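> One file is attached below, query_34.cif, containing mmCIF, N, CA and C atoms.
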```
data_protein
#
loop_
_atom_site.label_atom_id
_atom_site.label_comp_id
_atom_site.auth_asym_id
_atom_site.auth_seq_id
_atom_site.Cartn_x
_atom_site.Cartn_y
_atom_site.Cartn_z
N MET A 3 -15.55 -7.11 -38.43
CA MET A 3 -16.10 -8.36 -37.93
C MET A 3 -14.99 -9.26 -37.38
N ARG A 4 -13.86 -9.34 -38.09
CA ARG A 4 -12.76 -10.18 -37.62
C ARG A 4 -12.22 -9.68 -36.29
N LYS A 5 -12.13 -8.35 -36.13
CA LYS A 5 -11.65 -7.79 -34.87
C LYS A 5 -12.57 -8.20 -33.72
N SER A 6 -13.86 -8.22 -33.96
CA SER A 6 -14.82 -8.60 -32.92
C SER A 6 -14.64 -10.05 -32.52
N ILE A 7 -14.42 -10.92 -33.51
CA ILE A 7 -14.22 -12.34 -33.22
C ILE A 7 -12.95 -12.53 -32.39
N TRP A 8 -11.88 -11.85 -32.77
CA TRP A 8 -10.62 -11.95 -32.02
C TRP A 8 -10.78 -11.41 -30.61
N LEU A 9 -11.49 -10.32 -30.47
CA LEU A 9 -11.71 -9.73 -29.15
C LEU A 9 -12.48 -10.71 -28.26
N VAL A 10 -13.52 -11.32 -28.80
CA VAL A 10 -14.30 -12.29 -28.04
C VAL A 10 -13.42 -13.49 -27.67
N ALA A 11 -12.60 -13.97 -28.60
CA ALA A 11 -11.72 -15.10 -28.32
C ALA A 11 -10.73 -14.77 -27.21
N VAL A 12 -10.13 -13.59 -27.27
CA VAL A 12 -9.18 -13.17 -26.24
C VAL A 12 -9.86 -13.07 -24.88
N LEU A 13 -11.04 -12.49 -24.84
CA LEU A 13 -11.78 -12.37 -23.59
C LEU A 13 -12.16 -13.73 -23.01
N LEU A 14 -12.55 -14.66 -23.88
CA LEU A 14 -12.88 -16.00 -23.41
C LEU A 14 -11.65 -16.71 -22.85
N LEU A 15 -10.52 -16.57 -23.50
CA LEU A 15 -9.29 -17.19 -23.00
C LEU A 15 -8.88 -16.59 -21.66
N ALA A 16 -9.04 -15.30 -21.51
CA ALA A 16 -8.68 -14.64 -20.25
C ALA A 16 -9.58 -15.11 -19.11
N ALA A 17 -10.80 -15.53 -19.42
CA ALA A 17 -11.74 -15.96 -18.39
C ALA A 17 -11.57 -17.43 -18.00
N LEU A 18 -10.77 -18.17 -18.74
CA LEU A 18 -10.56 -19.58 -18.42
C LEU A 18 -9.88 -19.72 -17.07
N PRO A 19 -10.18 -20.81 -16.35
CA PRO A 19 -9.52 -21.02 -15.07
C PRO A 19 -8.00 -21.15 -15.24
N ALA A 20 -7.29 -20.84 -14.19
CA ALA A 20 -5.83 -20.94 -14.24
C ALA A 20 -5.42 -22.39 -14.48
N SER A 21 -4.31 -22.57 -15.13
CA SER A 21 -3.83 -23.92 -15.41
C SER A 21 -3.29 -24.56 -14.13
N ALA A 22 -3.13 -25.87 -14.18
CA ALA A 22 -2.58 -26.59 -13.03
C ALA A 22 -1.20 -26.06 -12.68
N SER A 23 -0.40 -25.69 -13.69
CA SER A 23 0.94 -25.20 -13.39
C SER A 23 0.90 -23.85 -12.67
N ASP A 24 -0.07 -23.00 -12.97
CA ASP A 24 -0.22 -21.74 -12.23
C ASP A 24 -0.47 -22.03 -10.75
N LYS A 25 -1.34 -22.98 -10.48
CA LYS A 25 -1.67 -23.34 -9.10
C LYS A 25 -0.46 -23.98 -8.42
N GLU A 26 0.27 -24.81 -9.13
CA GLU A 26 1.48 -25.42 -8.57
C GLU A 26 2.53 -24.36 -8.27
N ASP A 27 2.68 -23.40 -9.18
CA ASP A 27 3.64 -22.31 -8.97
C ASP A 27 3.29 -21.48 -7.74
N ALA A 28 2.00 -21.25 -7.53
CA ALA A 28 1.56 -20.48 -6.37
C ALA A 28 1.82 -21.23 -5.06
N MET A 29 1.91 -22.55 -5.12
CA MET A 29 2.19 -23.35 -3.93
C MET A 29 3.66 -23.32 -3.53
N VAL A 30 4.54 -22.92 -4.44
CA VAL A 30 5.98 -22.95 -4.16
C VAL A 30 6.35 -22.14 -2.91
N PRO A 31 5.94 -20.87 -2.79
CA PRO A 31 6.32 -20.14 -1.58
C PRO A 31 5.63 -20.68 -0.32
N VAL A 32 4.44 -21.25 -0.46
CA VAL A 32 3.76 -21.84 0.68
C VAL A 32 4.59 -22.99 1.23
N ARG A 33 5.00 -23.90 0.35
CA ARG A 33 5.82 -25.04 0.78
C ARG A 33 7.17 -24.58 1.33
N LYS A 34 7.77 -23.58 0.67
CA LYS A 34 9.07 -23.08 1.12
C LYS A 34 8.95 -22.45 2.50
N PHE A 35 7.90 -21.69 2.73
CA PHE A 35 7.66 -21.09 4.05
C PHE A 35 7.55 -22.17 5.12
N ILE A 36 6.71 -23.17 4.89
CA ILE A 36 6.50 -24.24 5.88
C ILE A 36 7.81 -25.02 6.09
N ASP A 37 8.49 -25.39 5.01
CA ASP A 37 9.75 -26.13 5.13
C ASP A 37 10.79 -25.31 5.90
N SER A 38 10.89 -24.02 5.61
CA SER A 38 11.87 -23.17 6.29
C SER A 38 11.57 -23.06 7.78
N MET A 39 10.32 -22.90 8.13
CA MET A 39 9.97 -22.81 9.55
C MET A 39 10.20 -24.14 10.26
N ASN A 40 9.92 -25.26 9.58
CA ASN A 40 10.16 -26.56 10.19
C ASN A 40 11.66 -26.81 10.42
N LYS A 41 12.50 -26.13 9.64
CA LYS A 41 13.96 -26.23 9.82
C LYS A 41 14.48 -25.13 10.74
N ASN A 42 13.56 -24.38 11.35
CA ASN A 42 13.91 -23.26 12.22
C ASN A 42 14.80 -22.25 11.49
N ASP A 43 14.39 -21.91 10.28
CA ASP A 43 15.14 -20.97 9.43
C ASP A 43 14.23 -19.81 9.02
N PRO A 44 13.95 -18.88 9.95
CA PRO A 44 13.06 -17.78 9.61
C PRO A 44 13.62 -16.87 8.52
N ARG A 45 14.95 -16.83 8.37
CA ARG A 45 15.53 -16.01 7.30
C ARG A 45 15.08 -16.52 5.93
N ALA A 46 15.12 -17.84 5.73
CA ALA A 46 14.66 -18.41 4.46
C ALA A 46 13.16 -18.21 4.31
N ALA A 47 12.42 -18.31 5.41
CA ALA A 47 10.97 -18.12 5.36
C ALA A 47 10.64 -16.68 4.96
N THR A 48 11.43 -15.72 5.41
CA THR A 48 11.21 -14.32 5.08
C THR A 48 11.21 -14.09 3.58
N ALA A 49 12.00 -14.85 2.86
CA ALA A 49 12.11 -14.69 1.41
C ALA A 49 10.82 -15.06 0.68
N THR A 50 9.87 -15.67 1.37
CA THR A 50 8.61 -16.07 0.73
C THR A 50 7.53 -14.99 0.85
N TYR A 51 7.87 -13.88 1.52
CA TYR A 51 6.87 -12.85 1.82
C TYR A 51 6.96 -11.63 0.92
N ALA A 52 5.78 -11.08 0.62
CA ALA A 52 5.67 -9.78 -0.06
C ALA A 52 6.06 -8.71 0.96
N PRO A 53 6.33 -7.48 0.49
CA PRO A 53 6.73 -6.41 1.42
C PRO A 53 5.70 -6.12 2.52
N GLN A 54 4.44 -6.10 2.19
CA GLN A 54 3.37 -5.87 3.17
C GLN A 54 2.67 -7.20 3.43
N VAL A 55 2.57 -7.61 4.70
CA VAL A 55 2.02 -8.92 5.03
C VAL A 55 0.97 -8.80 6.12
N SER A 56 0.05 -9.73 6.10
CA SER A 56 -0.97 -9.85 7.13
C SER A 56 -0.98 -11.30 7.62
N ILE A 57 -0.91 -11.49 8.94
CA ILE A 57 -0.89 -12.84 9.53
C ILE A 57 -1.93 -12.90 10.64
N THR A 58 -2.70 -13.98 10.66
CA THR A 58 -3.64 -14.26 11.75
C THR A 58 -3.32 -15.65 12.28
N ASP A 59 -3.10 -15.75 13.60
CA ASP A 59 -2.72 -17.03 14.19
C ASP A 59 -3.40 -17.19 15.55
N GLU A 60 -3.22 -18.33 16.18
CA GLU A 60 -3.98 -18.71 17.36
C GLU A 60 -3.44 -18.19 18.69
N PHE A 61 -2.37 -17.42 18.71
CA PHE A 61 -1.82 -16.93 19.97
C PHE A 61 -1.77 -15.39 19.96
N PRO A 62 -1.78 -14.78 21.14
CA PRO A 62 -1.81 -13.32 21.22
C PRO A 62 -0.57 -12.69 20.59
N PRO A 63 -0.74 -11.58 19.93
CA PRO A 63 -1.96 -10.77 19.82
C PRO A 63 -2.88 -11.18 18.67
N TYR A 64 -2.67 -12.35 18.08
CA TYR A 64 -3.56 -12.96 17.07
C TYR A 64 -3.46 -12.38 15.66
N TYR A 65 -3.00 -11.16 15.53
CA TYR A 65 -2.95 -10.52 14.22
C TYR A 65 -1.72 -9.62 14.10
N TRP A 66 -1.02 -9.75 12.96
CA TRP A 66 0.17 -8.95 12.67
C TRP A 66 0.03 -8.44 11.24
N SER A 67 0.46 -7.20 10.99
CA SER A 67 0.41 -6.69 9.62
C SER A 67 1.50 -5.65 9.41
N GLY A 68 1.82 -5.45 8.13
CA GLY A 68 2.78 -4.43 7.76
C GLY A 68 4.14 -4.98 7.37
N ASN A 69 5.11 -4.08 7.29
CA ASN A 69 6.47 -4.45 6.87
C ASN A 69 7.14 -5.43 7.82
N SER A 70 6.86 -5.30 9.11
CA SER A 70 7.54 -6.15 10.09
C SER A 70 6.64 -7.28 10.61
N ALA A 71 5.53 -7.54 9.95
CA ALA A 71 4.57 -8.53 10.44
C ALA A 71 5.20 -9.89 10.70
N PHE A 72 5.98 -10.39 9.76
CA PHE A 72 6.55 -11.73 9.95
C PHE A 72 7.57 -11.73 11.09
N ALA A 73 8.44 -10.72 11.14
CA ALA A 73 9.42 -10.64 12.23
C ALA A 73 8.71 -10.53 13.58
N ASP A 74 7.65 -9.75 13.62
CA ASP A 74 6.87 -9.60 14.86
C ASP A 74 6.21 -10.93 15.25
N TRP A 75 5.67 -11.62 14.25
CA TRP A 75 5.05 -12.92 14.50
C TRP A 75 6.08 -13.91 15.04
N VAL A 76 7.28 -13.95 14.43
CA VAL A 76 8.34 -14.86 14.89
C VAL A 76 8.68 -14.56 16.35
N ARG A 77 8.83 -13.28 16.68
CA ARG A 77 9.14 -12.88 18.06
C ARG A 77 8.03 -13.34 19.01
N ASP A 78 6.78 -13.05 18.65
CA ASP A 78 5.66 -13.40 19.53
C ASP A 78 5.45 -14.91 19.62
N PHE A 79 5.71 -15.62 18.52
CA PHE A 79 5.64 -17.08 18.53
C PHE A 79 6.64 -17.62 19.54
N GLY A 80 7.87 -17.11 19.51
CA GLY A 80 8.91 -17.54 20.44
C GLY A 80 8.54 -17.25 21.88
N GLU A 81 8.00 -16.05 22.13
CA GLU A 81 7.59 -15.70 23.49
C GLU A 81 6.46 -16.60 23.99
N ASP A 82 5.48 -16.87 23.10
CA ASP A 82 4.37 -17.74 23.48
C ASP A 82 4.86 -19.16 23.73
N ALA A 83 5.76 -19.64 22.89
CA ALA A 83 6.29 -20.99 23.06
C ALA A 83 7.04 -21.11 24.39
N LYS A 84 7.84 -20.11 24.71
CA LYS A 84 8.58 -20.13 25.97
C LYS A 84 7.62 -20.11 27.16
N LYS A 85 6.65 -19.21 27.13
CA LYS A 85 5.67 -19.08 28.21
C LYS A 85 4.91 -20.38 28.44
N ASN A 86 4.54 -21.08 27.36
CA ASN A 86 3.74 -22.30 27.45
C ASN A 86 4.55 -23.59 27.39
N GLU A 87 5.89 -23.43 27.43
CA GLU A 87 6.80 -24.58 27.39
C GLU A 87 6.57 -25.46 26.17
N ILE A 88 6.46 -24.79 25.01
CA ILE A 88 6.28 -25.48 23.73
C ILE A 88 7.64 -25.60 23.06
N THR A 89 7.97 -26.82 22.63
CA THR A 89 9.23 -27.07 21.93
C THR A 89 8.96 -27.94 20.71
N GLU A 90 9.93 -28.00 19.82
CA GLU A 90 9.90 -28.85 18.62
C GLU A 90 8.64 -28.65 17.76
N PRO A 91 8.29 -27.40 17.48
CA PRO A 91 7.10 -27.18 16.64
C PRO A 91 7.34 -27.64 15.20
N LYS A 92 6.32 -28.20 14.63
CA LYS A 92 6.39 -28.64 13.23
C LYS A 92 5.00 -28.55 12.62
N MET A 93 4.95 -27.98 11.41
CA MET A 93 3.69 -27.86 10.68
C MET A 93 3.74 -28.80 9.48
N LEU A 94 2.73 -29.61 9.34
CA LEU A 94 2.59 -30.50 8.19
C LEU A 94 1.41 -30.00 7.37
N ILE A 95 1.61 -29.86 6.06
CA ILE A 95 0.51 -29.44 5.20
C ILE A 95 0.31 -30.46 4.09
N GLY A 96 -0.90 -30.52 3.61
CA GLY A 96 -1.23 -31.39 2.48
C GLY A 96 -1.37 -30.57 1.22
N GLY A 97 -1.77 -31.25 0.17
CA GLY A 97 -2.02 -30.56 -1.10
C GLY A 97 -3.22 -29.63 -0.98
N PRO A 98 -3.33 -28.70 -1.89
CA PRO A 98 -4.40 -27.70 -1.79
C PRO A 98 -5.80 -28.32 -1.79
N LEU A 99 -6.60 -27.89 -0.83
CA LEU A 99 -8.02 -28.23 -0.83
C LEU A 99 -8.75 -27.32 -1.81
N HIS A 100 -8.17 -26.13 -1.97
CA HIS A 100 -8.76 -25.12 -2.84
C HIS A 100 -7.64 -24.23 -3.33
N ALA A 101 -7.60 -23.96 -4.61
CA ALA A 101 -6.60 -23.05 -5.17
C ALA A 101 -7.21 -22.30 -6.34
N ASP A 102 -7.26 -20.99 -6.21
CA ASP A 102 -7.72 -20.13 -7.29
C ASP A 102 -6.59 -19.21 -7.69
N VAL A 103 -6.35 -19.09 -8.97
CA VAL A 103 -5.37 -18.15 -9.48
C VAL A 103 -6.06 -17.30 -10.53
N THR A 104 -6.01 -15.99 -10.33
CA THR A 104 -6.58 -15.05 -11.28
C THR A 104 -5.53 -13.99 -11.55
N GLY A 105 -4.95 -14.05 -12.74
CA GLY A 105 -3.89 -13.09 -13.08
C GLY A 105 -2.72 -13.22 -12.14
N ASP A 106 -2.39 -12.13 -11.44
CA ASP A 106 -1.23 -12.13 -10.54
C ASP A 106 -1.63 -12.34 -9.07
N ARG A 107 -2.82 -12.88 -8.83
CA ARG A 107 -3.29 -13.12 -7.46
C ARG A 107 -3.70 -14.58 -7.30
N ALA A 108 -3.47 -15.11 -6.09
CA ALA A 108 -3.85 -16.50 -5.81
C ALA A 108 -4.41 -16.61 -4.41
N TYR A 109 -5.30 -17.58 -4.25
CA TYR A 109 -5.94 -17.90 -2.98
C TYR A 109 -5.82 -19.40 -2.81
N VAL A 110 -5.17 -19.84 -1.73
CA VAL A 110 -4.88 -21.26 -1.54
C VAL A 110 -5.26 -21.67 -0.12
N VAL A 111 -5.96 -22.80 0.00
CA VAL A 111 -6.30 -23.37 1.30
C VAL A 111 -5.70 -24.77 1.36
N VAL A 112 -4.95 -25.05 2.43
CA VAL A 112 -4.34 -26.37 2.60
C VAL A 112 -4.71 -26.95 3.96
N PRO A 113 -4.83 -28.29 4.03
CA PRO A 113 -5.02 -28.91 5.34
C PRO A 113 -3.70 -28.82 6.11
N ALA A 114 -3.82 -28.68 7.43
CA ALA A 114 -2.62 -28.51 8.24
C ALA A 114 -2.73 -29.31 9.54
N THR A 115 -1.59 -29.82 9.98
CA THR A 115 -1.47 -30.46 11.28
C THR A 115 -0.28 -29.83 11.98
N TYR A 116 -0.51 -29.26 13.14
CA TYR A 116 0.54 -28.63 13.93
C TYR A 116 0.93 -29.59 15.04
N GLN A 117 2.21 -30.00 15.05
CA GLN A 117 2.72 -30.92 16.06
C GLN A 117 3.77 -30.20 16.89
N PHE A 118 3.79 -30.49 18.19
CA PHE A 118 4.75 -29.86 19.09
C PHE A 118 4.75 -30.60 20.42
N ARG A 119 5.77 -30.32 21.20
CA ARG A 119 5.81 -30.81 22.57
C ARG A 119 5.37 -29.66 23.47
N ILE A 120 4.52 -29.97 24.42
CA ILE A 120 4.13 -28.99 25.43
C ILE A 120 4.44 -29.62 26.79
N LYS A 121 5.34 -28.95 27.49
CA LYS A 121 5.83 -29.47 28.78
C LYS A 121 6.34 -30.90 28.61
N GLY A 122 7.00 -31.15 27.47
CA GLY A 122 7.64 -32.44 27.20
C GLY A 122 6.76 -33.49 26.56
N LYS A 123 5.45 -33.26 26.49
CA LYS A 123 4.54 -34.27 25.92
C LYS A 123 4.09 -33.84 24.52
N TRP A 124 4.08 -34.81 23.59
CA TRP A 124 3.67 -34.51 22.22
C TRP A 124 2.19 -34.17 22.16
N LYS A 125 1.90 -33.16 21.35
CA LYS A 125 0.52 -32.78 21.08
C LYS A 125 0.40 -32.55 19.57
N SER A 126 -0.77 -32.80 19.05
CA SER A 126 -1.00 -32.62 17.62
C SER A 126 -2.35 -31.96 17.42
N GLU A 127 -2.36 -30.86 16.68
CA GLU A 127 -3.61 -30.19 16.31
C GLU A 127 -3.95 -30.63 14.88
N LYS A 128 -4.75 -31.66 14.78
CA LYS A 128 -5.14 -32.20 13.48
C LYS A 128 -6.40 -31.51 12.98
N GLY A 129 -6.59 -31.55 11.68
CA GLY A 129 -7.81 -31.01 11.08
C GLY A 129 -7.82 -29.50 10.92
N ALA A 130 -6.67 -28.87 11.11
CA ALA A 130 -6.59 -27.41 10.94
C ALA A 130 -6.47 -27.08 9.45
N LYS A 131 -6.53 -25.79 9.16
CA LYS A 131 -6.34 -25.32 7.78
C LYS A 131 -5.48 -24.07 7.80
N MET A 132 -4.74 -23.90 6.75
CA MET A 132 -4.01 -22.66 6.51
C MET A 132 -4.51 -22.08 5.20
N THR A 133 -4.80 -20.79 5.23
CA THR A 133 -5.28 -20.09 4.05
C THR A 133 -4.26 -19.03 3.68
N PHE A 134 -3.89 -18.99 2.42
CA PHE A 134 -2.87 -18.06 1.93
C PHE A 134 -3.42 -17.19 0.81
N ALA A 135 -3.07 -15.93 0.83
CA ALA A 135 -3.29 -15.02 -0.30
C ALA A 135 -1.91 -14.68 -0.83
N LEU A 136 -1.72 -14.81 -2.13
CA LEU A 136 -0.42 -14.60 -2.74
C LEU A 136 -0.50 -13.62 -3.89
N GLN A 137 0.64 -13.06 -4.23
CA GLN A 137 0.74 -12.15 -5.38
C GLN A 137 1.96 -12.54 -6.19
N LYS A 138 1.80 -12.49 -7.50
CA LYS A 138 2.91 -12.80 -8.40
C LYS A 138 3.66 -11.51 -8.72
N PHE A 139 4.95 -11.52 -8.42
CA PHE A 139 5.84 -10.41 -8.71
C PHE A 139 6.77 -10.83 -9.85
N ALA A 140 7.67 -9.97 -10.27
CA ALA A 140 8.59 -10.27 -11.37
C ALA A 140 9.40 -11.53 -11.11
N ASP A 141 9.77 -11.76 -9.84
CA ASP A 141 10.59 -12.93 -9.49
C ASP A 141 9.77 -14.15 -9.09
N GLY A 142 8.45 -14.05 -9.12
CA GLY A 142 7.60 -15.18 -8.76
C GLY A 142 6.58 -14.84 -7.70
N TRP A 143 5.92 -15.86 -7.20
CA TRP A 143 4.85 -15.70 -6.22
C TRP A 143 5.41 -15.42 -4.83
N LEU A 144 4.73 -14.53 -4.09
CA LEU A 144 5.07 -14.24 -2.70
C LEU A 144 3.78 -14.21 -1.88
N ILE A 145 3.92 -14.50 -0.60
CA ILE A 145 2.79 -14.54 0.32
C ILE A 145 2.44 -13.12 0.77
N ASN A 146 1.19 -12.74 0.58
CA ASN A 146 0.66 -11.45 1.07
C ASN A 146 0.01 -11.62 2.44
N ALA A 147 -0.60 -12.78 2.67
CA ALA A 147 -1.30 -13.01 3.92
C ALA A 147 -1.49 -14.49 4.16
N TRP A 148 -1.58 -14.86 5.44
CA TRP A 148 -1.97 -16.22 5.76
C TRP A 148 -2.70 -16.23 7.11
N THR A 149 -3.53 -17.27 7.26
CA THR A 149 -4.29 -17.48 8.48
C THR A 149 -4.22 -18.96 8.84
N TYR A 150 -3.97 -19.22 10.12
CA TYR A 150 -4.02 -20.58 10.65
C TYR A 150 -5.34 -20.71 11.40
N THR A 151 -6.12 -21.74 11.08
CA THR A 151 -7.41 -21.95 11.72
C THR A 151 -7.45 -23.35 12.32
N LYS A 152 -7.55 -23.39 13.66
CA LYS A 152 -7.68 -24.67 14.34
C LYS A 152 -9.03 -25.28 14.05
N ARG A 153 -9.09 -26.57 14.20
CA ARG A 153 -10.34 -27.29 13.99
C ARG A 153 -11.33 -26.93 15.05
#
```
Output the structure of this file as structure tokens.


Amino acid sequence: MRKSIWLVAVLLLAALPASASDKEDAMVPVRKFIDSMNKNDPRAATATYAPQVSITDEFPPYYWSGNSAFADWVRDFGEDAKKNEITEPKMLIGGPLHADVTGDRAYVVVPATYQFRIKGKWKSEKGAKMTFALQKFADGWLINAWTYTKR
């Protein structure tokens, strides 16, 4: 009987929602990725990624995946920016609109505003969202996937 009570207690604890600190920890690589890109430091941003990554964004070819997904995205972002005369890109994100953490997996949605100059004039894409899927490894949380969605 005691074993059954302990088993039920353990199962109930495992089913509890993740703590605020779990959600905050999952946000660390998200913030580091955004901060690194805003500083034009893709090397630091790379450190926030899991080995296999999936990215969906608003410019062609719109989707990147695999070991080189982030490097490919950086290359294509640069080519698109050059073609469209986009300079000084900056992404601003807010606190999570939604954050779920279950074991070693997390799902986070943040509000986003993309600011940049196009042909010398400032433009701002307000009301966008970024959605991240993360995985917790031995050294901490890493990004498995993200999507940028314009308003």

> Selected by the PyMOL selection byres ((chain A and resi 127) around 5) in the shown coordinates: which residues, as a list of chain:residue names?

A:Thr115, A:Tyr116, A:Gln117, A:Lys125, A:Ser126, A:Lys128, A:Gly129, A:Ala130

> Name the residues of stretch 31-76 of chain A that fall into alpha helix (DSSP H) according to DSSP on the backbone, using the chain letters and numbers of this document, as an NGL selection string.

:A and (31-40 or 44-48 or 71-76)

> Print the selection's residues with N, CA and C atoms to a file, as a PDB file, in the coordinates of the input.


```pdb
ATOM      1  N   PRO A  31       5.940 -20.870  -2.790  1.00  0.00           N
ATOM      2  CA  PRO A  31       6.320 -20.140  -1.580  1.00  0.00           C
ATOM      3  C   PRO A  31       5.630 -20.680  -0.320  1.00  0.00           C
ATOM      4  N   VAL A  32       4.440 -21.250  -0.460  1.00  0.00           N
ATOM      5  CA  VAL A  32       3.760 -21.840   0.680  1.00  0.00           C
ATOM      6  C   VAL A  32       4.590 -22.990   1.230  1.00  0.00           C
ATOM      7  N   ARG A  33       5.000 -23.900   0.350  1.00  0.00           N
ATOM      8  CA  ARG A  33       5.820 -25.040   0.780  1.00  0.00           C
ATOM      9  C   ARG A  33       7.170 -24.580   1.330  1.00  0.00           C
ATOM     10  N   LYS A  34       7.770 -23.580   0.670  1.00  0.00           N
ATOM     11  CA  LYS A  34       9.070 -23.080   1.120  1.00  0.00           C
ATOM     12  C   LYS A  34       8.950 -22.450   2.500  1.00  0.00           C
ATOM     13  N   PHE A  35       7.900 -21.690   2.730  1.00  0.00           N
ATOM     14  CA  PHE A  35       7.660 -21.090   4.050  1.00  0.00           C
ATOM     15  C   PHE A  35       7.550 -22.170   5.120  1.00  0.00           C
ATOM     16  N   ILE A  36       6.710 -23.170   4.890  1.00  0.00           N
ATOM     17  CA  ILE A  36       6.500 -24.240   5.880  1.00  0.00           C
ATOM     18  C   ILE A  36       7.810 -25.020   6.090  1.00  0.00           C
ATOM     19  N   ASP A  37       8.490 -25.390   5.010  1.00  0.00           N
ATOM     20  CA  ASP A  37       9.750 -26.130   5.130  1.00  0.00           C
ATOM     21  C   ASP A  37      10.790 -25.310   5.900  1.00  0.00           C
ATOM     22  N   SER A  38      10.890 -24.020   5.610  1.00  0.00           N
ATOM     23  CA  SER A  38      11.870 -23.170   6.290  1.00  0.00           C
ATOM     24  C   SER A  38      11.570 -23.060   7.780  1.00  0.00           C
ATOM     25  N   MET A  39      10.320 -22.900   8.130  1.00  0.00           N
ATOM     26  CA  MET A  39       9.970 -22.810   9.550  1.00  0.00           C
ATOM     27  C   MET A  39      10.200 -24.140  10.260  1.00  0.00           C
ATOM     28  N   ASN A  40       9.920 -25.260   9.580  1.00  0.00           N
ATOM     29  CA  ASN A  40      10.160 -26.560  10.190  1.00  0.00           C
ATOM     30  C   ASN A  40      11.660 -26.810  10.420  1.00  0.00           C
ATOM     31  N   PRO A  44      13.950 -18.880   9.950  1.00  0.00           N
ATOM     32  CA  PRO A  44      13.060 -17.780   9.610  1.00  0.00           C
ATOM     33  C   PRO A  44      13.620 -16.870   8.520  1.00  0.00           C
ATOM     34  N   ARG A  45      14.950 -16.830   8.370  1.00  0.00           N
ATOM     35  CA  ARG A  45      15.530 -16.010   7.300  1.00  0.00           C
ATOM     36  C   ARG A  45      15.080 -16.520   5.930  1.00  0.00           C
ATOM     37  N   ALA A  46      15.120 -17.840   5.730  1.00  0.00           N
ATOM     38  CA  ALA A  46      14.660 -18.410   4.460  1.00  0.00           C
ATOM     39  C   ALA A  46      13.160 -18.210   4.310  1.00  0.00           C
ATOM     40  N   ALA A  47      12.420 -18.310   5.410  1.00  0.00           N
ATOM     41  CA  ALA A  47      10.970 -18.120   5.360  1.00  0.00           C
ATOM     42  C   ALA A  47      10.640 -16.680   4.960  1.00  0.00           C
ATOM     43  N   THR A  48      11.430 -15.720   5.410  1.00  0.00           N
ATOM     44  CA  THR A  48      11.210 -14.320   5.080  1.00  0.00           C
ATOM     45  C   THR A  48      11.210 -14.090   3.580  1.00  0.00           C
ATOM     46  N   ALA A  71       5.530  -7.540   9.950  1.00  0.00           N
ATOM     47  CA  ALA A  71       4.570  -8.530  10.440  1.00  0.00           C
ATOM     48  C   ALA A  71       5.200  -9.890  10.700  1.00  0.00           C
ATOM     49  N   PHE A  72       5.980 -10.390   9.760  1.00  0.00           N
ATOM     50  CA  PHE A  72       6.550 -11.730   9.950  1.00  0.00           C
ATOM     51  C   PHE A  72       7.570 -11.730  11.090  1.00  0.00           C
ATOM     52  N   ALA A  73       8.440 -10.720  11.140  1.00  0.00           N
ATOM     53  CA  ALA A  73       9.420 -10.640  12.230  1.00  0.00           C
ATOM     54  C   ALA A  73       8.710 -10.530  13.580  1.00  0.00           C
ATOM     55  N   ASP A  74       7.650  -9.750  13.620  1.00  0.00           N
ATOM     56  CA  ASP A  74       6.870  -9.600  14.860  1.00  0.00           C
ATOM     57  C   ASP A  74       6.210 -10.930  15.250  1.00  0.00           C
ATOM     58  N   TRP A  75       5.670 -11.620  14.250  1.00  0.00           N
ATOM     59  CA  TRP A  75       5.050 -12.920  14.500  1.00  0.00           C
ATOM     60  C   TRP A  75       6.080 -13.910  15.040  1.00  0.00           C
ATOM     61  N   VAL A  76       7.280 -13.950  14.430  1.00  0.00           N
ATOM     62  CA  VAL A  76       8.340 -14.860  14.890  1.00  0.00           C
ATOM     63  C   VAL A  76       8.680 -14.560  16.350  1.00  0.00           C
TER      64      VAL A  76
END
```

> Just say which residues the PyMOL selection byres ((chain A and resi 99) around 6) picks in this file, as a PyMOL selection string.

chain A and resi 97-98+100-101+111-113

> Can you tell me how far atom N of A:Ile57 sits from atom CA of A:Ile120, in Å to one decimal?

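Here the two named atoms are 24.6 Å from each other.
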
> Distance atom CA of A:Leu144-atom CA of A:Tyr64, one decimal place?

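Computing it gives 21.6 Å between the two atoms.
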
> As a PyMOL selection string, please: all residues of stretch 46-120 of chain A that backbone DSSP puts in strand (DSSP E).

chain A and resi 51-58+65-68+88-95+100-104+107-120

> Of the candidates A:Gln54, A:Asn42, A:Thr133, A:Thr104, which shows the shortest atom-to-atom distance to A:Ser67, using only C-alpha atoms?

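Closest residue, counting only C-alpha atoms: A:Gln54.
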
> Counting only C-alpha atoms, what is within 12 Å of A:Pro44, bar same-chain residues fewer than 6 positions away, as a list in words?

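Near A:Pro44, the qualifying residues are Lys34, Phe35, Ile36, Asp37, Ser38, Thr50, Tyr51, Phe72, Ala73, Asp74, Trp75, Val76, Arg77, Phe79 and Gly80 of chain A.
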
> Please compute the atom CA of A:Leu94-atom C of A:Ala114 distance, one decimal, in Å.

5.6 Å

> For A:Thr58, which residue out of A:Ala46, A:Ala147, A:Val103, A:Ala108 is the nearest one, using all atoms listed in the file?

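Going through A:Ala46, A:Ala147, A:Val103, A:Ala108 one by one, the smallest distance to A:Thr58 is for A:Ala147.
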
> Quick check on the file I pasted: which residues fall under the PyMOL selection byres ((chain A and resi 107) around 8)? Write them as number ranges by chain.

A: 28, 102-106, 108-110, 135-139
